[in-house]
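The next block holds one structure in the form of structure tokens; read it before the comments.
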Amino acid sequence: MTNGRIIKVAGPLIVAENMQDSKMYDVVRVSREGLIGEIIELRGDKASIQVYEETGGLGVGEEVVSTGEPLSVELAPGLIESIFDGIQRPLVKMRDLSGGRIGRGLKVDSLDHERKWEFTPLKKVGDKVVPGDVLGVVKENTLIDHKILVPFGVEGEIRSIESGKKTIVEDVAVIATAKGDRAVQMLRKWPVRRPRPIKEKVSPYMPMVTGQRVIDTLFPVAKGGVAAVPGPFGSGKTVVQHQLAKWADADIIVYIGCGERGNEMTDVLNEFPELIDPKSGEPLMKRTVLIANTSDMPVAAREASIYTGITIAEYFRDMGYNVAIMADSTSRWAEALREMSGRLEEMPGEEGYPAYLSSRLAEFYERAGMVRVLGTEDVMGSITAIGAVSPPGGDLSEPVSQATLRIVKVFWGLSAQLAYKRHFPAVDWLTSYSLYSDKLNLWFDKNVDPDWEKQRAAAMRILQEEASLDEIVRLVGMDALSQEDRLTMETAKSIREDYLHQNAFHEVDTYASLKKQHKMLRLILLSDELGRDALSRRVDVEDILALPVREEIGRSKYIPETEMEKLDAIEQKLKQSMAALISEGEI
């Protein structure tokens, strides 16, 4: 251990001398209170340290002790349903120890080292194992089987393996390696800034279904993909993130509230245990890990929270799970980078952000992806990363937004204008895009309906035609349009209001399966197609728009998933109503 002395304190940044034996990113303990810090710069024997706790009251001359180890997280059973701060301190246990405000210098294990878990071996004595092989399973809860893997760097023959109730620090197996016997526990520690090794990265080929129609239909994200949700204040970024965390078809959700307002994190903490997973019927919290680093917590821990979250996500990915990680928001994380960079007196880049902003963002997003995990079996796992971006004043030309857009392949641009019109999710269909669409269309056409891509293209074409006609309508009014253009405007309105608009707080409308999405959109597009046919047979557009079945199409979003036959009944009624209208016109 290296013992140094503080020579400067500048907010969360301190400078200590006599640290020549330390290394970059070593964890240190500061002062007699033992505040946690991390070395972020070394110059000669002087080390600049970002402290993850409040530094008020620190003075020159106080002791700094280096642990010689990098900032790491504990990985073992007990992660699921837990709530941590940015450096993986358990907030519930911290509250029990120090009350509503986190006390300084508290030393708490990230996971419970006393609790016993039932370990069930899947290997036997004499089996040959390599890193990544599954030694056994712990039933973490009714949804998640926590797989205990052979640690990295350990390869050999199992000498002993025991079933039964064990703590995470007790030996569950002994493996005879070339370097001697190696005891294996359930607990792993991993440095947060180092990606976990994999066999190979695979190109994503299937969507992560979110149940949000504007996303799944128009701008889908692949499992193992990366997406950004930029938007100005009040446009609904956090609600979109919450919806994705609730309903995305990922096995595990890691939600990072990075610099979020405390009341918004409180909503998450209150909602998730009560919400029921539509696939399993169990509370959503049973597949969720929450990292809460609110805006009033020390700014340095905000920078670490992103790495803590992605490392936990990689751990579950290595078990073969599909993980979705939500970072809300990367802008506040970038602000923490900017503040620490300023205190280090580094040369500022654009708008004061450090010159390495883009590479740090890329480091985070590039740890997502679909991969073949280590081990003798061919197992796939994925991490889908979705980051909210909060550009000041909604200006997407600012550095964080631009750096993010160069990395991600899905852009769900939120519009303040749509939000003011009470259209949620306020994803602007004219500016958003998904670079996964072409590849995922093959999956949709094969697994949902052969017409999926054709429907999607038709819906986008109608929305774009509406945007070009809108200027004419504003200048001279709707009456100046031809009957075909009026029908286009009405169909576009139906797509916007009846399909893309989705109520996150409605029991039924909050989630729509792909099958329901396809049937709903087909109804709207069929209404448009039959309407054009009727117009060609001299039926007046007003008569088409006055059909009562159009109102039923508008209310189809509130039909439960269990009553999907009602959508087929509306389709039949639509065909009959349109046929009757045409026959009336021909008489």
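Just so we're on the same page: first chain in the structure tokens is A, next is B, and so on; residues restart at 1 for each chain, and ligands are numbered from 1 in the order they show up.
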Exercise for the section: Check stretch 208-406 of chain A with DSSP on the backbone and list each residue it calls helix (DSSP H, G or I), as a PyMOL selection string. Expected result: chain A and resi 213-218+237-247+262-271+284-287+299-317+330-343+350-352+357-365+392-394+399-405
Residues of the last selection are to be written out with C-alpha atoms, as a compact mmCIF listing (two decimals), in the first residue's frame.
# COMPACT_ATOMS: atom_id res chain seq x y z
CA ARG A 213 -45.51 0.72 -31.73
CA VAL A 214 -43.51 3.69 -33.04
CA ILE A 215 -40.29 1.86 -32.12
CA ASP A 216 -41.06 -1.73 -33.14
CA THR A 217 -42.77 -0.82 -36.41
CA LEU A 218 -40.88 2.20 -37.69
CA LYS A 237 -37.07 10.78 -22.50
CA THR A 238 -37.41 9.26 -19.05
CA VAL A 239 -40.91 7.89 -19.74
CA VAL A 240 -39.60 6.25 -22.94
CA GLN A 241 -36.71 4.75 -20.95
CA HIS A 242 -39.13 3.51 -18.28
CA GLN A 243 -41.38 1.94 -20.93
CA LEU A 244 -38.43 0.15 -22.49
CA ALA A 245 -37.23 -1.06 -19.10
CA LYS A 246 -40.73 -2.34 -18.28
CA TRP A 247 -41.72 -4.05 -21.52
CA GLY A 262 -34.32 12.08 -7.25
CA ASN A 263 -38.10 12.09 -7.66
CA GLU A 264 -37.82 10.35 -11.05
CA MET A 265 -35.68 7.58 -9.54
CA THR A 266 -38.23 7.34 -6.73
CA ASP A 267 -40.92 6.68 -9.37
CA VAL A 268 -38.81 3.82 -10.75
CA LEU A 269 -38.20 2.37 -7.28
CA ASN A 270 -41.90 2.54 -6.44
CA GLU A 271 -43.24 1.31 -9.80
CA LEU A 284 -40.64 -6.73 -13.13
CA MET A 285 -38.16 -6.12 -10.31
CA LYS A 286 -37.36 -9.84 -10.37
CA ARG A 287 -35.28 -9.32 -13.52
CA VAL A 299 -20.52 14.20 -9.34
CA ALA A 300 -17.50 11.86 -9.61
CA ALA A 301 -19.62 8.79 -8.83
CA ARG A 302 -21.83 9.73 -11.78
CA GLU A 303 -18.90 9.04 -14.10
CA ALA A 304 -18.34 5.60 -12.53
CA SER A 305 -22.02 4.57 -12.59
CA ILE A 306 -22.05 3.96 -16.37
CA TYR A 307 -19.09 1.55 -16.08
CA THR A 308 -20.60 -0.19 -13.04
CA GLY A 309 -23.83 -0.79 -15.00
CA ILE A 310 -22.21 -2.11 -18.18
CA THR A 311 -19.95 -4.49 -16.19
CA ILE A 312 -22.97 -6.00 -14.40
CA ALA A 313 -24.69 -6.30 -17.81
CA GLU A 314 -21.64 -8.13 -19.25
CA TYR A 315 -21.70 -10.56 -16.32
CA PHE A 316 -25.27 -11.65 -17.10
CA ARG A 317 -24.54 -11.65 -20.85
CA THR A 330 -25.39 10.19 -20.85
CA SER A 331 -25.47 14.01 -21.04
CA ARG A 332 -25.24 14.28 -17.27
CA TRP A 333 -22.46 11.69 -17.33
CA ALA A 334 -20.63 13.86 -19.90
CA GLU A 335 -21.14 16.88 -17.64
CA ALA A 336 -19.37 14.96 -14.86
CA LEU A 337 -16.49 14.28 -17.29
CA ARG A 338 -16.38 17.98 -18.14
CA GLU A 339 -16.29 19.04 -14.50
CA MET A 340 -13.48 16.63 -13.62
CA SER A 341 -11.55 17.58 -16.77
CA GLY A 342 -11.85 21.27 -15.85
CA ARG A 343 -10.55 20.63 -12.34
CA GLU A 350 -15.79 21.95 -27.89
CA GLU A 351 -18.10 23.69 -25.35
CA GLY A 352 -15.65 22.85 -22.55
CA LEU A 357 -15.49 12.77 -24.93
CA SER A 358 -16.15 10.81 -28.16
CA SER A 359 -13.77 8.00 -27.27
CA ARG A 360 -15.26 7.64 -23.75
CA LEU A 361 -18.78 7.45 -25.19
CA ALA A 362 -17.60 4.89 -27.75
CA GLU A 363 -15.96 2.84 -24.95
CA PHE A 364 -19.37 2.54 -23.28
CA TYR A 365 -21.51 1.81 -26.35
CA PRO A 392 -29.45 21.94 -23.71
CA GLY A 393 -32.44 23.64 -25.33
CA GLY A 394 -32.96 20.62 -27.59
CA PRO A 399 -21.05 17.82 -28.72
CA VAL A 400 -22.67 14.99 -26.68
CA SER A 401 -25.50 14.50 -29.19
CA GLN A 402 -23.16 14.61 -32.17
CA ALA A 403 -20.63 12.22 -30.59
CA THR A 404 -23.47 9.82 -29.70
CA LEU A 405 -25.00 9.90 -33.19
Problem - Distance query A:Ala183 at most 7 Å, only C-alpha atoms, self and fewer than 5 positions along chain excluded, as a count of residues only - result: 4
Exercise for the section: For atom CA of A:Val541 and atom CA of A:Lys519, determine how far apart the two atoms are, in Å to one decimal place. Expected result: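 Going from atom CA of A:Val541 over to atom CA of A:Lys519 covers 24.2 Å.
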Exercise for the section: Give the strand (DSSP E) residues of stretch 358-438 of chain A, as assigned by DSSP on the backbone, as a ChimeraX atom specification. Expected result: /A:369-372,380-389,410-411,433-434
Keeping only N, CA and C atoms, write the selected residues as a compact mmCIF listing (two decimals), in the first residue's frame.
# COMPACT_ATOMS: atom_id res chain seq x y z
N GLY A 369 -23.59 -5.37 -27.66
CA GLY A 369 -23.44 -6.24 -28.83
C GLY A 369 -23.94 -7.64 -28.56
N MET A 370 -24.13 -8.39 -29.64
CA MET A 370 -24.47 -9.81 -29.54
C MET A 370 -23.17 -10.59 -29.68
N VAL A 371 -22.93 -11.53 -28.76
CA VAL A 371 -21.63 -12.22 -28.73
C VAL A 371 -21.81 -13.72 -28.52
N ARG A 372 -20.78 -14.46 -28.93
CA ARG A 372 -20.62 -15.85 -28.50
C ARG A 372 -19.78 -15.81 -27.23
N MET A 380 -25.00 -17.93 -27.05
CA MET A 380 -25.05 -16.51 -27.43
C MET A 380 -25.63 -15.68 -26.28
N GLY A 381 -25.12 -14.50 -26.11
CA GLY A 381 -25.69 -13.54 -25.17
C GLY A 381 -25.63 -12.16 -25.81
N SER A 382 -26.40 -11.23 -25.28
CA SER A 382 -26.39 -9.89 -25.89
C SER A 382 -26.58 -8.81 -24.85
N ILE A 383 -26.06 -7.63 -25.18
CA ILE A 383 -26.34 -6.41 -24.41
C ILE A 383 -26.85 -5.37 -25.39
N THR A 384 -28.05 -4.87 -25.13
CA THR A 384 -28.62 -3.78 -25.93
C THR A 384 -28.51 -2.51 -25.09
N ALA A 385 -27.80 -1.51 -25.60
CA ALA A 385 -27.56 -0.27 -24.83
C ALA A 385 -28.42 0.86 -25.38
N ILE A 386 -29.18 1.48 -24.49
CA ILE A 386 -30.05 2.60 -24.87
C ILE A 386 -29.74 3.78 -23.96
N GLY A 387 -29.22 4.84 -24.56
CA GLY A 387 -28.82 6.00 -23.77
C GLY A 387 -29.70 7.21 -24.07
N ALA A 388 -30.18 7.85 -23.02
CA ALA A 388 -30.92 9.11 -23.19
C ALA A 388 -29.90 10.24 -23.27
N VAL A 389 -30.17 11.20 -24.14
CA VAL A 389 -29.30 12.37 -24.28
C VAL A 389 -30.15 13.61 -24.04
N VAL A 410 -29.42 3.56 -33.94
CA VAL A 410 -30.84 3.90 -33.86
C VAL A 410 -30.98 5.25 -33.17
N PHE A 411 -31.75 6.14 -33.80
CA PHE A 411 -31.94 7.50 -33.30
C PHE A 411 -33.43 7.73 -33.13
N TYR A 433 -34.45 7.50 -37.16
CA TYR A 433 -34.06 6.45 -38.11
C TYR A 433 -33.55 5.23 -37.36
N SER A 434 -33.52 4.09 -38.05
CA SER A 434 -32.91 2.87 -37.54
C SER A 434 -32.11 2.23 -38.66
Exercise for the section: Point out the residue among A:Thr491, A:Ser482, A:Ser527, A:Ser48 with the least atom-to-atom distance to A:Arg461, counting only C-alpha atoms. Expected result: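 Between A:Thr491, A:Ser482, A:Ser527, A:Ser48, the residue approaching A:Arg461 most closely is A:Thr491.
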